[in-house]
Structure formats: structure tokens, C-alpha cells
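Take a look at the structure set out below.
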Amino acid sequence: MNRYLSYLLFVLLSLSLELKAQQKYMGTVVDELAHSIAGANIILSPSRYQTRTDGDGRFQVTIVKTDESISVSHMGYNTKVISLSELKSRAFRIVLTKKTNQLKEVMIETGYQRIPKDRATGAFAQVDDKIIMQRMSSGNILDRLEGNFSALQMDRRDGSNQINIRGINTLSDALMGPLIIVNDLPFEGNINSINPNDVETVTLLKDAAATSVWGARAGNGVIVIKLKKHNRQSGVAVDFSSNLTLTAKPNLMYAPKMSSAEFMDVEKMLFDKGFYNTILNGTNSNRGIVSPVVDGLYDLSKGLISQQEMDARIEKYKTLDYRNEMLRYVYRRGILSQNNIALSGGSKNSGYRIGAGYDRNALSQRESDNRRLVISGSYQLDFWKRFRLESNLMYSNIQNSYNPGLTDYPISVGGGRTNLYPYAELMDDAGNPLSIPSQYNFRYIEAVVARNEGLLDWFYRPLAEFGKSKANNNTNYWNTGLKLSVKLWNSLDITGQYGFEGQLGASRTLRGQESFFTRDLINRFTQLDNGTVKRIVPLGGILNNGNNDFTSHKGRIQVNFSQKWNERHELNFFGGSEVSARSEESNLFTTYGFDEKLYTNQLIDPVGAYPIYDGISGLSRIPYSNGFDKRIRRYVSLFGNASYTYRGRYIFSISGRKDASNLFGVDANNKWNPLWSAGLAWKLSDESFFSKSSFVNSLKLRSTLGHSGNSGGMTTSLPIISYMSGLNTDVSTFPRAIVSLLPNPSLRWEDVRMLNIALDAALFNNRITLSADAYFKKSTDLFASDPIDPTYGFSTLRRNVAITSGKGIDIDLNAKVLDGNFKWNTRVMFTINKDKVDSYYGGTWRALTFTAYSGRNLSPLEGKALYPVLSYRFIGLDPINGDPQGYLKGAVSKDYTKLLADSVQNLVYHGSGIPPYYGSLNQTFTWKSWLLNFNIAYKFGHFFQKETIRYLDLFNGWRTHGDYAKRWQNPGDETKTTIPSMTYPANSSRDNFYAYSEANIGKGDVIRLQDIRLQYQCQLLHRYQIQVYAAANNVALLWKANKWGIDPDFNNMPPPRNYSLGVSVHF
Amino acid sequence: MKYILYLSIIGICLCCQSCTEFLDEKPQFSLGTPDKEEDLRALLDFESQINLYYPGLIELGTDDYYLSDADFGKMQASYQEAYIWDKDMLSMDVIYWRACYNTIMIANIVLEGVGRLQPIKNMDIQGEAMFVRGLAHFYIAQLYCPIFDKDADSPYGAPIRLTSDFNVPVTRATVHETYRQIIDDIKGAIPYLKDQPAEINRPGKRAAYAALARIYLSMANYEQAGYYANESLKVNGDLMNFNEIDPTPSFPIFPKNVEMIYYGSTVSGSSALHNSTARIPKSLYAMYNENDLRKVVYFKSVNATEYAFKGYYSGRSASYFAGFANDELYLIRAEYNARLGSIEVALADLNKLLENRVRKESFNALQLSDRKELLRTILNERRKEMLFRGVRWSDLRRLNREPENAVTLMREVKINGESRIFELPPNDAQYVYPIPKEVLIQSNIPQNPR
């Protein structure tokens, strides 16, 4: 009854309103090019009625009073106010003009929302596709980010590309990478599946306010990659680009090595001292590997060859260096070609984009090729006025193929030899591949082959392996997403989003019967019995097949609320829940006797243990590496973010998130990990007291404080056991398991707390923009593999052991130095980042843990950097015999074992292994249609440990180093060199002491010319915009602080320079 | 607006209900907590840590091998220090200690599991875990603790670990407590152990008897040693006849042989002990007479004058065979009877072994009447039969306390071109290895007196 009554009342009321001179006005908002502007704010005053334009730029208002005026505003446009009296008709058109000489309004992508940079309190940095496309030499999007963001650093010292944002916030390598977001959802696939040509913007979320909404996996920063969507213009736009990159052969001569003559001198000395007697005089020395020179010296001593013959051989060997043959036959010039085409278009209510990219990369090792095909599409549809549907689809196919039988330099020949003697010959003058020892004594193999008992050829010829083996990895990846938004009210909408990722990865390695690997295995398992040959491992190839698949589902429901009240108050809120589940499965199979022509295989007995040919080893099973693995990772999260703006210049924001995961054994109650942040911003330049006429165009101060986290580690009250596959040495075949973790119920998630204080400014008529952030952070409960008393059964245990703190400054300065016909734009990026361990409450490590490969390990030491570079104090060489000298208990000492075991407190601390100061200078010159751009990168203030000669490794492992030539040889040399004399027998502690002493620590400071690009742009037939460009990457090391000529950014050899040439067309 | 609020509250509540289940899925399928009997069984069947963990250090200091100067020069410092009985052994590797305690930790986890998962169908896992724990403590006692002296206890016993909980601090027991625990574990295992386990990697009752025989022997408790040797031999006393063994393979003895009681082997310490490096001392090789088949089954010639060992019962390259076999028990029983004065009984055991070791056509049963001479012969046979079995170090420690059997070990090594001689006198402090630094750094247990 009540309901009817109120309904009646409502009808009456509306009727009465209708009677009062109500008039409908229909407006369209367009820009100067007559393109409609969607989402423009319409505000009537004084009635305060508000609305927005729809997708076609249209709006409707019902006006009662005639003295009202309409204010139309939109980001990036000048606000226009029209009074009703000006209107000639009730259907009208309002043209907004673009704000000129104003900074382009940057919209920040956080993965949850798009907010104007103006309104953000957190530390965000964003680059667009123009910058991403500048560096063409890599198809990996992450490779293109370095030098384009302050605070972002690539650590390539161990051969991988580890991204650090604002330094390190964890002590676990596995937790170190930033979280990557693609299409608003965490990305789980291979980053190579993303075609950089499809990327519109990359946003770096640096501080806690920016990352806390991403929760427990965002402790190391977040990289948000937004893929290109349609453009709203009607008609079809086509983008086409093609480019070619040539990469030089690797610089094998970079690492200083001993010459062949020097190496032979050492061999001769060792031979005279009887070093090889065990191998040479033994009757069963089938595994001992010696070089041709040692074999020759042995023959000489037995009178089998003449001195002249030996001298002639040595003269010949002196001229050889097998790196030349490796360069000539194993390596080639790398060629990367990248081709892309994209179509996009749209109508009033919908838009689409379809892109396809095909890359082919011929790598520098022969028979290694990578291919990538990426097809992507997106579609957006607005319907029923309030609904918006967005969908995207991405498919990528990556194929990598290589020859597993080819070895990179240096060739390791087994038997403890990690390198090959430098004068090895791999190819004779007639072009026939030559054999070298591998795993067995060469003369033994010669004798076995000469016996001709029915074994397969047992020689190893590295250059005959071409075409004999082949490995293929084929990865198919899908990423689809669907997003539906409903506008419930003007200020409230709900978004539901679903994302699917799937990957089918297949790997196939066929080692043909002709390959050394297969011949060797067949021969080892061959049994000879009175002339009959019994092969336990069948003839034919050995095929390994593996699969690595995953699927991932993610769903998100999000409520967005945005409301402005009378120009003073603005509230923006979003909140929701997210669920993700990932399941990963992998397996591996081995097949023997594979015949590639017939596609058949032979069965083997993987259980029985068989004798090995000639007793080279004991009873063995045939290697059979079948295996399975399945992993599941699930997350449930709740998140929320609100920001309130007062008078458009005071901004307050808060955000929070709770995550729970299925990480092993955590009680449901403890699985939830809350993280929060809060921020403030003040647009100083909008204050009335701030004089607009001054040289400061805009000035904003902002500050945030908050937490983000790192999940990881299993918390359980019971030990974790792990089932394993059997080993080929086992006597039984029962199921077996190991204890992989001791129970540790008190383990907690890592927490990173960060305070950020920043300033954004635009100066001199917006010709200079500056963004400077200072931050202070504290990471607590950091996990580390912590040493415990081995009496507990393990040497290390994953525990919360450390608190680290860091502080730093990120500065990003953009200046239009010249802005006329000739333009000069400069971008300066400067970062200070200093991390140190505040407290470490774990066990005690030995000194050697810190000095061996110092600065490359995350070894926590209180008061020191996270990658501390430490060394033994070095007191020069002993003038009598060239022994390295250290300092022990207040006295000069040569007791190397005691020196190595000295207390950590007595080590010399140099500093951090990663640079505390780094950045880049990016210069762009434009003149008419020409553009020249180059990027100079710099890193200062860090240290590194260089390699040196180790005599034990030289004698046993043939590992040489050019420092040998500079060693102490005669009294007096100690004033010229720090490299110890060669002793026989070698002493590993002496080698270690010198290698890890301060004599081998250098300053890491470098300045390098990273890349140069020259571009010419023109328009053909008024329609085709054409760009032609040439670029070079890894151009040159301009300056380095160390005196050894080493590029400390890279572990082995720096990547070779590459050149690119390309063209792109847009119409 | 209200509806949405209600809906989302209901939605969140539903989510929380189901997410407990959703989040209970295991992150990795091969991982788990030991919550089934099968899991405990699988832990004990992991041969690498149950049968192959034995410390190489127990052979590194013995006189059953030597290194050439060139090979010595190639060794890492930790091997060199063990080889020359260095006083400080600063480079002492922690792996030997850790391997034993890792096995002890697994055994403790199994025992804790048995306690938690009652009722258990096959209680042999309880017995196996106790056996394994006792034996691993025994190796620690041989390496890092002074020899058992029934008249005088010593505070330098082994840290006894009876729990996997790392919050229970590490402390050293006395030597008497250590041996009491070892014996309690292995005796306590017997009622649970199977008479005949399914595979040689699992211990049965005979393995426990054999272990007790070896342990009591090391304590110079000959009566108990003899008793347990007899307990095992009563059940099965088979011996391989070396006349039927083909000596040509690189490893002529296969693991599944009739003497095998319990399988154990190790490659720990193999940089020095592997038969490509370790040479047989000439004096030891000379102890075998021409007709002794062990000369060909156990040894291979390396060059004209030097020999290396190949007679591992594990049938594969190893540092030493660490399991139990019947030949050892005959020698223990013979030694017990010889010391007791039961000459005939002792001779019978000795001859039974020799009959299976000497060329058929030239075998003559030994006839000895002097107790001392018989004991000397038995000890010599023990040395000849039991090399690279992980027992020589314990024998040296034990026999050095008898002046007539005491020996001073000697090594000659060329260091920096000059020949140096190192000695290890009987009952020297070097017969007890220093506890590794890694342990002392973390737990404040006392170092052995050097």
C-alpha cells in the first residue's frame, strides 16, 4: 500500500515539474578537427547539474532556468563556458580547442585505473611507443626499457638480465624481479611473447602508493605494459614497419688468455716435474686427458720421436689459437629481421586493432635460429549507452632451434679440463674436421679405434657436429581477455574482467647416431664377446621430448566511483576482488634407437645395470631421464583505492590490499597478508598566491608512505618431503623421497615499507619539466638461505633473517634546449640508490662466502651493501719468491689456509657490487625531416672482482688467464706486478687468496655510448607517412675507471655492437 | 546502491567460504608433508641419503692407501691436510659431518612420523630408522670422538640428535652416552626389523647384528662383538668362493652377492680414495701370498710396480664399501674366539674364509696353536680382507691401545720440491678429527683437544 502511495506522489511531482517551462537541450562536443570528444564534463551553473558526453560526444540537459550557463571541460582542452542566451538552437555544437603550449596530459596506467598524472600521489614513470620503438636491436620489450627510466637498472653481471627498480628489496634471487602487468592483469607467460610493436605505453610503478594495490608480489616494483587499442578515427589506419639488425661475431679475444707458447712452456715444466706420470705411465689411464704436446714429450723421452720432430711441432703449435677456428667455423654474424603490420579503425561505438609481427633471428652460433610470430587483436564496443565491452586476443608462436652438439668457446673436454689446450686444431688445411680428446685419453681412444672391434667411431670432432643433432623448442602462447563495464550511475560503474593465459611448450632434442654424444653412449654400453658385438644401447638417435604447459585463469570484479561536488570536492574510489589460478605441468621422455627416416624406435632396459666398455666405469644403467612435474599456484585478493581532491589542488589517496595464496601449509588465517599505503599531493602552482607569470608553470609536491610485499617460502609445522625419480646408480626401484625443508612455522612474508617525497615541476614556459623523487625504504623479514649448524641436518635454512634499508633519488629532467627550426631536446636521468643491511640475525657465514665471486652474491652482512664487495688485505709479493702476502693477526702472513679462514671483520670492504649512481643522457636533435638521437649511459660508485691466473686450475683444468705473462718471475718484479709467481705443485689456497684479495678489486665506474639513431621522415602523396632509420646499439665504452680494460657490466664478454636499418609506413 | 553493497558483501562471504578450499591445493604435486606410511617408507628408500652418505674421511687417514707426489700436489687443501694428519686441519670439509647428521635428521623425521601416524601397518620402518640413526652416530663417534674406554668417560662425545627440531640446541654427550645411544638404537631396532628385507638397501635383523658386532668390536668389547657376529652367521653364513669369480672386469664383485647383508657405499672423499688415485702400499700388497685370489680380484696393476683397489662389494667405483657382509663377521667371531683362547673355533672360522679366498688347488688349512700368533694372523687377515671397507681407522684406534699391535703410520710427501715425512704415532690426538668450523661457528660446542 505504501509503495503505491509513494509512486503516486512521485508521478505527481514529476508532472508538476514538467509544467514548469522545462526545455531539453542537445549538445555535441567536438575538437577543432570535428572529431567528437567523449567523456567531456558538462556542468550547469548555478543549478550544479552534471553530466558527461557519451561516446559520440553528445549530451542532453534539461534546463529550467534560462540564466544558466554550461561549462564544458575535458582534459587537454580549454574549458568553454556558454550561457544559454548565446545559443541559437536547442541542438548545438561546442568546439573545444586543444590546450596549447601546455603539457600533454599524461594518463597513468596502473592496471586498475587510468588516472591523470596530475592527480597521482605515487611515483609513476611512463614511456610511450615512440621511445619503445627507438631501440630495435632486441625483440624483448624489457630490453628496450633500460636508459628510458630513472630508477630502473639492468644487472647483467651474471649473464642474465635482472631488472631492479629502486635497488634491491629482497635477499632471494627468485623474488627479485618486478611484477609485470599486461592488459591490466599479472602476466605469467614468456616476456618474449609480447611484440614491442603492440605496446602503447610502459609504466613503472615505483613507490608503495603505486605498488601496494598490487599486493604481495609487488615488493620489487611493477611494470605495467599497455597494449595498443584501436584508434577512434573512422576509416582504417595501417602501420607497417620492417627492419634488419646485424650483430657482429662475439669477441672471443676479449678475455685475456695465455698464448700457445706460454701454455706449452707450462706443459713442459709440468712434464719435467713428473706431473703427468700417473696418466702417462699407467696401464689404465683411459680417462686421463693430456695434450698433444705432453704426448709428444713422452714420445721424445722414450725415443719414439726425434728432438727435431718435437721442435717442429712446437713451432707449428705456437702459431695456432683455436679461437680463430671457432670464430671462423662456429660463429657467424647474427641477423635479426623484424616485420610488423597493424590495421586499426573504428566507428562511433566501436574500434578495433589487428597486428601481426614476424621476427627471425639468426643467432651468432651457427644452426641457432629463433623465430617469432605474434598476432594480436583488440576490439571495443559501446552498447546500450551504459555498457562497454573490451576484448583482446594475443597468440604467439616462438620457435628456437639450435644444435646441442656444438659447443661455445671455451670447449670443455672433460676429465676435469674446463678448457681445451689453446693450440688445438679443429680443421685441417683440406677442410676436414680434426679430432680432439673428450672425456677419454686420446691415445687410448686411438688404440680402441685401431683394434676395430666393431665399435662405432669414437673420435670427437667438434667441427663435424654440424647437422648431426638438432634441438627445437616450440612455444604456443595465448592470451585472451574480456572486460565488461556497466555504468550504473554517472559516477558509478562496475567492471568484470576475465583473463586467460595458456602455453603449450614442446621441446625436442634429437642427437643423431652420428653425433659424438650418441656414438659415445652406444660405445660405452657395447659388450664384446669373442667377436660378437652386443649393443645394450641400440643404434640410432637419442630423442628427448619434453612438454611444459601452463594455463592460468584470472578474474576480477571492480567497482569504480567518481564524483565531483561543486568544483571543490572530488572523490575517486575503486575496489574489488581478484582470483587467480595457475596450473603448470611438465614432463620429459627419452627414446633410444630413434630412426628419423622410418620414425621408429628401439626399446631399452632402463632398470638393469650393465658393465661399461673396458671397465671405463662401473656397472651403470642406461641414462633415462623421464620425469613429470605439476605445480599449482592460487591467489585470492581484495583491494581498494580511494583518492579525494579538494579544490583541484589538495589530493589525498589511500589504498590497501589483502592477498592469500595456497603456498604450502600456511593456515588459512595466516594466508592473508594486508598491505596498505597513503599519499598526499599539493599542486602549489594552483594556489592563488602563486604568481602565474613567474617562470614556474606548474609545481606539485607529493608524498606517499606504504607497504608492499614479497610472498614466497613455505610455512609449515611438518617437514616438506619431495618425491624423486630414481637414479641410475640405485640398487632398488622403490618410490623414494627426500626431506627438502625442515618445518618452520614462524616464517613470514617479506615486507617493504617505503616513504616517497617528490616534486614535479614545469619551468620556462614548459620547456623544462622535472620530476624528482626521494625515497626511504625499509625491508623487513627478508628471507635468506641462512647458515645453520649442519648438526641439524641441513647447512642452510630459509628463514626471515634480515632488515635492509635503502634510500635514493630518481631525477628525470626533460629540456627543450633549442626549440625552433633546429630542435634540441635533452633528457637527463639520474638515480641514486643505496641499499644496506641494517640488521642480520641469521647464522654466520665463512669469509670465503663473501670474497669468492665477491659482489655477485646476495650475501647479507650487517652495515654493508646487499651485494657487498669484500676482499683479503694484500701486502704485495714476497720479494724473495713472489708469494702473495696477506695480513693476519697484525703481522704479514703467507699462511694461506689461515688467511682464507680469517674472520669476516678483517676483510677489506670496498662497497657495493651494483652501482649506487646511474642514469643516462638522451639527446635528440631535429632539423626539418631529420632526427638524430643518441643515448649515453653511466654507472658510478661500484666495485667488481676481476679474474686472474690460478695455477691449480691452469695445471689441472687448462684454464688460462693473460695475467700469467705479468707474473712475478725474478726478484724486483714485485715492484711492477701483483701477480704471484708460479709454483709447483700449485696451492689452491694460495691461488684463492690472491684471486680474492684486494689486488683484483677494481672500480666499476663506466660511461658508455649505448645507442645512436638517425631518422628521416617524410610524407608521400599527402597520405603516406614514411620513416627511414638507421641505428647502432652497444656502440662503445667511452670511459672506464678500471685500468684493466674490463667492461664490468658483463660477466664474460660484452655483447657485440649491432647495426639496424629499417623503414616504417603509416597511412 | 544498497543492493550492490549487499551483493558484494554476500559475494565476499561466499568467496571466503570457498577460498579456504581453493587455497588448500598443493603448490607442487611431488611435494608433501609426510602424512602417510608410504611417505616414511619412501624417505628410507632414498639410497643417496640412507645407503650412500658414509663419510670418506674415515678412510682418508688410514694406511691402506697412498698418493703419488704428483697426485698429492693436485689435491685440494682439505685432502692434503687429512693425508698428512695436519694438526689444525683448517680446511676440514664439513660434508662428512653434515652427511651423517642429514641421515640422522631423516631418521628422526621418520620416527616422528611413526609416532604421529599410529597405527602403522609395517613397523619395520621404525626399526630401519632406528638402525640408520644409530649407525650414522657411530660414524660420527669414530671420526670426531675419542675411542670408547670402559674405565674412563670423556666429555667429547657426539652431539646426539633424537629430534628433527632445530630449536633443540646442539650439545655434546659424553663418549659413554654416545655409545649407549648408538647401541640402544640398534638393539631397539631388532624387534621391528624384518628377517629378510625385500632389497639389500633395507636393513634386516642380520644387518643389526652385524652392526652391533662392528660397534662392540670398536669398543673392544669382544664378547658382545663375537656374540652378535654369531647371531648373524647362525642365520646365514654364506661366502663367495673367489675361485668362481671372474677377476677381469673393472669391478669383479657384484652387489647382489651371497655375502651381502646390507648395502652401503660412498663416493665421499673420492678425489683421493678413487682407484685412479689411491695406490696400495707395497707392504700391504706384499702380505698376500701368490695363491691368494684376492690379489687378482681385489687389485689391478696401475703400472709396473703399483696397484689400485677394485674389489668393492658395491660393484662400482667408490671410495669404500660401507655396508655389511659375512666375511667381516667370520673375522670378528674368529678374533673374539682367539682372544678368548678358543683356538680351534677361531681357526675354523679363519680357514672357512681362506678356503673361499685362496686358489682351490693350493689351499691348505692353517694350523696354529699359539694364541698370540693366531690373533696376529687373524688381524692380518682382517687387514687383507677388509680394506676399503671403512673399518681400518677404527681398527687402528682400537689396536693402538694394545702395545703389541700398535703401529706408527708414516707418509712421505714432496712439498715444494723437498721430501717431508709425516708420522701419526699410536693414540695420537690426531686420531680424533677436529669438529668443522661451520659447526663451531653456529653452536658453542667445545672443539676436540688438539
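Residue names in the C-alpha cells use chain letters A, B, ... in the order shown, residue numbers from 1 in each chain, and ligand numbers from 1 in the order shown.
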
Using only C-alpha atoms, determine which residues of chain A fall within 6 Å of chain B; present them as an NGL selection string.
:A and (275 or 282-283 or 615 or 618-619 or 630-633 or 661-662 or 719-723 or 735-738 or 789-793 or 985)

File dump, residues just selected, C-alpha atoms, as an mmCIF file, in the first residue's frame:
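Ended up saving to again37.cif:
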data_model
loop_
_atom_site.group_PDB
_atom_site.id
_atom_site.type_symbol
_atom_site.label_atom_id
_atom_site.label_comp_id
_atom_site.auth_asym_id
_atom_site.auth_seq_id
_atom_site.Cartn_x
_atom_site.Cartn_y
_atom_site.Cartn_z
ATOM 1 C CA PHE A 275 103.033 -34.109 -13.157
ATOM 2 C CA GLY A 282 99.697 -46.006 -16.021
ATOM 3 C CA THR A 283 98.244 -49.005 -17.752
ATOM 4 C CA GLY A 615 85.747 -51.033 -17.393
ATOM 5 C CA GLY A 618 81.456 -49.433 -13.050
ATOM 6 C CA LEU A 619 78.063 -51.033 -13.617
ATOM 7 C CA LYS A 630 52.861 -30.434 -11.724
ATOM 8 C CA ARG A 631 52.524 -27.172 -9.867
ATOM 9 C CA ILE A 632 49.551 -25.071 -8.899
ATOM 10 C CA ARG A 633 49.590 -21.519 -7.651
ATOM 11 C CA SER A 661 47.772 -17.876 -1.624
ATOM 12 C CA ASN A 662 47.955 -21.635 -1.494
ATOM 13 C CA PRO A 719 58.727 -31.133 7.192
ATOM 14 C CA ILE A 720 58.284 -30.923 3.440
ATOM 15 C CA ILE A 721 59.274 -34.014 1.543
ATOM 16 C CA SER A 722 59.767 -34.259 -2.171
ATOM 17 C CA TYR A 723 59.328 -37.407 -4.201
ATOM 18 C CA PRO A 735 59.478 -44.970 -4.654
ATOM 19 C CA ARG A 736 61.774 -42.558 -2.920
ATOM 20 C CA ALA A 737 61.597 -39.133 -1.338
ATOM 21 C CA ILE A 738 63.950 -36.647 0.231
ATOM 22 C CA ASP A 789 74.535 -25.732 12.401
ATOM 23 C CA PRO A 790 74.909 -28.691 9.996
ATOM 24 C CA THR A 791 74.206 -30.900 13.009
ATOM 25 C CA TYR A 792 70.526 -30.109 12.381
ATOM 26 C CA GLY A 793 70.848 -31.980 9.101
ATOM 27 C CA PRO A 985 102.900 -28.044 -7.076
#

According to DSSP computed on the backbone, where in segment 181-430 of chain B is there strand (DSSP E or B)? Give the residues as an MDAnalysis selection string.
chainID B and resid 260:262 265:266 279 292 299:301 307:309 320:321 324:325 358 409:415 418:424

List every residue of segment 244-345 of chain B that DSSP, applied to the backbone of this structure, assigns to helix (DSSP H, G or I), and report them as an MDAnalysis selection string.
chainID B and resid 244 270:273 282:285 294:297 326:340 343:345

Written file, previous selection with C-alpha atoms, as an mmCIF file, in the first residue's frame:
data_model
loop_
_atom_site.group_PDB
_atom_site.id
_atom_site.type_symbol
_atom_site.label_atom_id
_atom_site.label_comp_id
_atom_site.auth_asym_id
_atom_site.auth_seq_id
_atom_site.Cartn_x
_atom_site.Cartn_y
_atom_site.Cartn_z
ATOM 1 C CA GLU B 244 84.363 -68.824 -9.142
ATOM 2 C CA SER B 270 86.840 -39.979 -3.780
ATOM 3 C CA SER B 271 89.223 -37.283 -5.036
ATOM 4 C CA ALA B 272 91.847 -39.136 -3.020
ATOM 5 C CA LEU B 273 90.277 -42.551 -2.497
ATOM 6 C CA LYS B 282 103.687 -52.065 -1.201
ATOM 7 C CA SER B 283 103.902 -53.535 2.288
ATOM 8 C CA LEU B 284 100.170 -54.241 2.245
ATOM 9 C CA TYR B 285 100.237 -55.794 -1.216
ATOM 10 C CA ARG B 294 92.307 -61.510 -3.668
ATOM 11 C CA LYS B 295 95.490 -60.471 -5.443
ATOM 12 C CA VAL B 296 93.599 -60.519 -8.727
ATOM 13 C CA VAL B 297 90.029 -59.931 -7.560
ATOM 14 C CA ASN B 326 79.508 -62.123 6.070
ATOM 15 C CA ASP B 327 83.306 -62.112 5.654
ATOM 16 C CA GLU B 328 83.613 -59.408 8.312
ATOM 17 C CA LEU B 329 81.554 -61.439 10.767
ATOM 18 C CA TYR B 330 83.752 -64.534 10.373
ATOM 19 C CA LEU B 331 86.755 -62.387 11.189
ATOM 20 C CA ILE B 332 85.070 -60.789 14.206
ATOM 21 C CA ARG B 333 83.975 -64.145 15.567
ATOM 22 C CA ALA B 334 87.443 -65.556 14.950
ATOM 23 C CA GLU B 335 89.075 -62.630 16.719
ATOM 24 C CA TYR B 336 86.756 -62.989 19.700
ATOM 25 C CA ASN B 337 87.465 -66.700 19.975
ATOM 26 C CA ALA B 338 91.199 -66.204 19.535
ATOM 27 C CA ARG B 339 91.266 -63.591 22.296
ATOM 28 C CA LEU B 340 89.188 -65.917 24.441
ATOM 29 C CA ILE B 343 91.853 -71.641 19.211
ATOM 30 C CA GLU B 344 90.097 -74.413 17.319
ATOM 31 C CA VAL B 345 86.859 -72.451 16.911
#

For segment 212-216 of chain A, please output as a VMD selection string all residues within 9 Å (counting only C-alpha atoms; exclusion window: fewer than 2 positions along the same chain).
chain A and resid 111 to 112 179 207 to 210 218 to 219 222 637 639 to 641 655 to 660 673 to 677 706 to 711 749 to 751

Would you output that residue set with C-alpha atoms, as a PDB file, in the first residue's frame?
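File result.pdb, as written:
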ATOM      1  CA  GLY A 111      46.484  -1.712 -14.293  1.00  0.00           C
ATOM      2  CA  TYR A 112      43.418  -0.901 -12.200  1.00  0.00           C
ATOM      3  CA  LEU A 179      55.749  -7.801 -11.276  1.00  0.00           C
ATOM      4  CA  ASP A 207      56.748   3.629  -4.686  1.00  0.00           C
ATOM      5  CA  ALA A 208      54.491   1.948  -2.194  1.00  0.00           C
ATOM      6  CA  ALA A 209      51.428   4.000  -3.117  1.00  0.00           C
ATOM      7  CA  ALA A 210      51.808   2.844  -6.687  1.00  0.00           C
ATOM      8  CA  ALA A 218      54.899  -6.191  -5.988  1.00  0.00           C
ATOM      9  CA  GLY A 219      57.687  -5.643  -3.469  1.00  0.00           C
ATOM     10  CA  VAL A 222      55.615  -3.130 -11.025  1.00  0.00           C
ATOM     11  CA  SER A 637      42.941 -10.830  -3.249  1.00  0.00           C
ATOM     12  CA  PHE A 639      41.854  -4.427  -2.998  1.00  0.00           C
ATOM     13  CA  GLY A 640      40.673  -0.893  -2.725  1.00  0.00           C
ATOM     14  CA  ASN A 641      41.897   2.586  -3.533  1.00  0.00           C
ATOM     15  CA  SER A 655      44.952   2.120  -0.948  1.00  0.00           C
ATOM     16  CA  GLY A 656      45.010  -1.318   0.555  1.00  0.00           C
ATOM     17  CA  ARG A 657      45.166  -4.908  -0.440  1.00  0.00           C
ATOM     18  CA  LYS A 658      44.966  -8.324   1.110  1.00  0.00           C
ATOM     19  CA  ASP A 659      46.389 -11.374  -0.552  1.00  0.00           C
ATOM     20  CA  ALA A 660      46.088 -15.037   0.204  1.00  0.00           C
ATOM     21  CA  ASN A 673      48.670 -10.600   4.166  1.00  0.00           C
ATOM     22  CA  PRO A 674      47.418  -6.995   4.373  1.00  0.00           C
ATOM     23  CA  LEU A 675      49.272  -4.167   2.676  1.00  0.00           C
ATOM     24  CA  TRP A 676      48.345  -0.520   2.612  1.00  0.00           C
ATOM     25  CA  SER A 677      49.551   2.898   1.545  1.00  0.00           C
ATOM     26  CA  GLY A 706      53.085   2.444   2.410  1.00  0.00           C
ATOM     27  CA  HIS A 707      53.852  -1.206   2.291  1.00  0.00           C
ATOM     28  CA  SER A 708      54.244  -3.791  -0.398  1.00  0.00           C
ATOM     29  CA  GLY A 709      55.363  -7.346  -0.084  1.00  0.00           C
ATOM     30  CA  ASN A 710      57.035 -10.434  -1.425  1.00  0.00           C
ATOM     31  CA  SER A 711      55.393 -13.763  -0.966  1.00  0.00           C
ATOM     32  CA  TRP A 749      56.187 -12.803   4.127  1.00  0.00           C
ATOM     33  CA  GLU A 750      58.698 -10.130   3.228  1.00  0.00           C
ATOM     34  CA  ASP A 751      57.513  -6.586   3.773  1.00  0.00           C
TER      35      ASP A 751
END

Leaving out Glu231 of chain B and any residue of its chain fewer than 6 positions from it, which residues lie within 12 Å of it when counting only C-alpha atoms, given as a ChimeraX atom specification?
/B:190,205-213,224-225,237,326,329-330,332-333

Do a neighbour search on segment 1016-1019 of chain A at 10 Å with only C-alpha atoms, toss out local chain neighbours closer than 5 positions, and write the hits as a PyMOL selection string.
chain A and resi 926-932+1024-1030+1063-1067

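Relative to atom CA of Pro860 of chain A, atom CA of Arg799 of chain A is found at 12.8 Å.
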
Interatomic distance, atom CA of Met253 of chain A to atom CA of Leu327 of chain A (Å, one decimal)
9.9 Å

Taken to one decimal, the atom CA of Glu998 of chain A-atom CA of Gln945 of chain A distance is 8.5 Å

Go through B:Ile445, B:Val267, B:Ile253, B:Leu347 and flag the residue nearest Tyr312 of chain B, using only C-alpha atoms for the distances.
B:Ile253

Can you list, as a ChimeraX atom specification, every protein, DNA or RNA residue that comes within 10 Å of Gly355 of chain A when you count only C-alpha atoms, leaving out same-chain residues fewer than 2 positions away?
/A:195,197-198,228,238-240,340-344,353,357,374-378,394
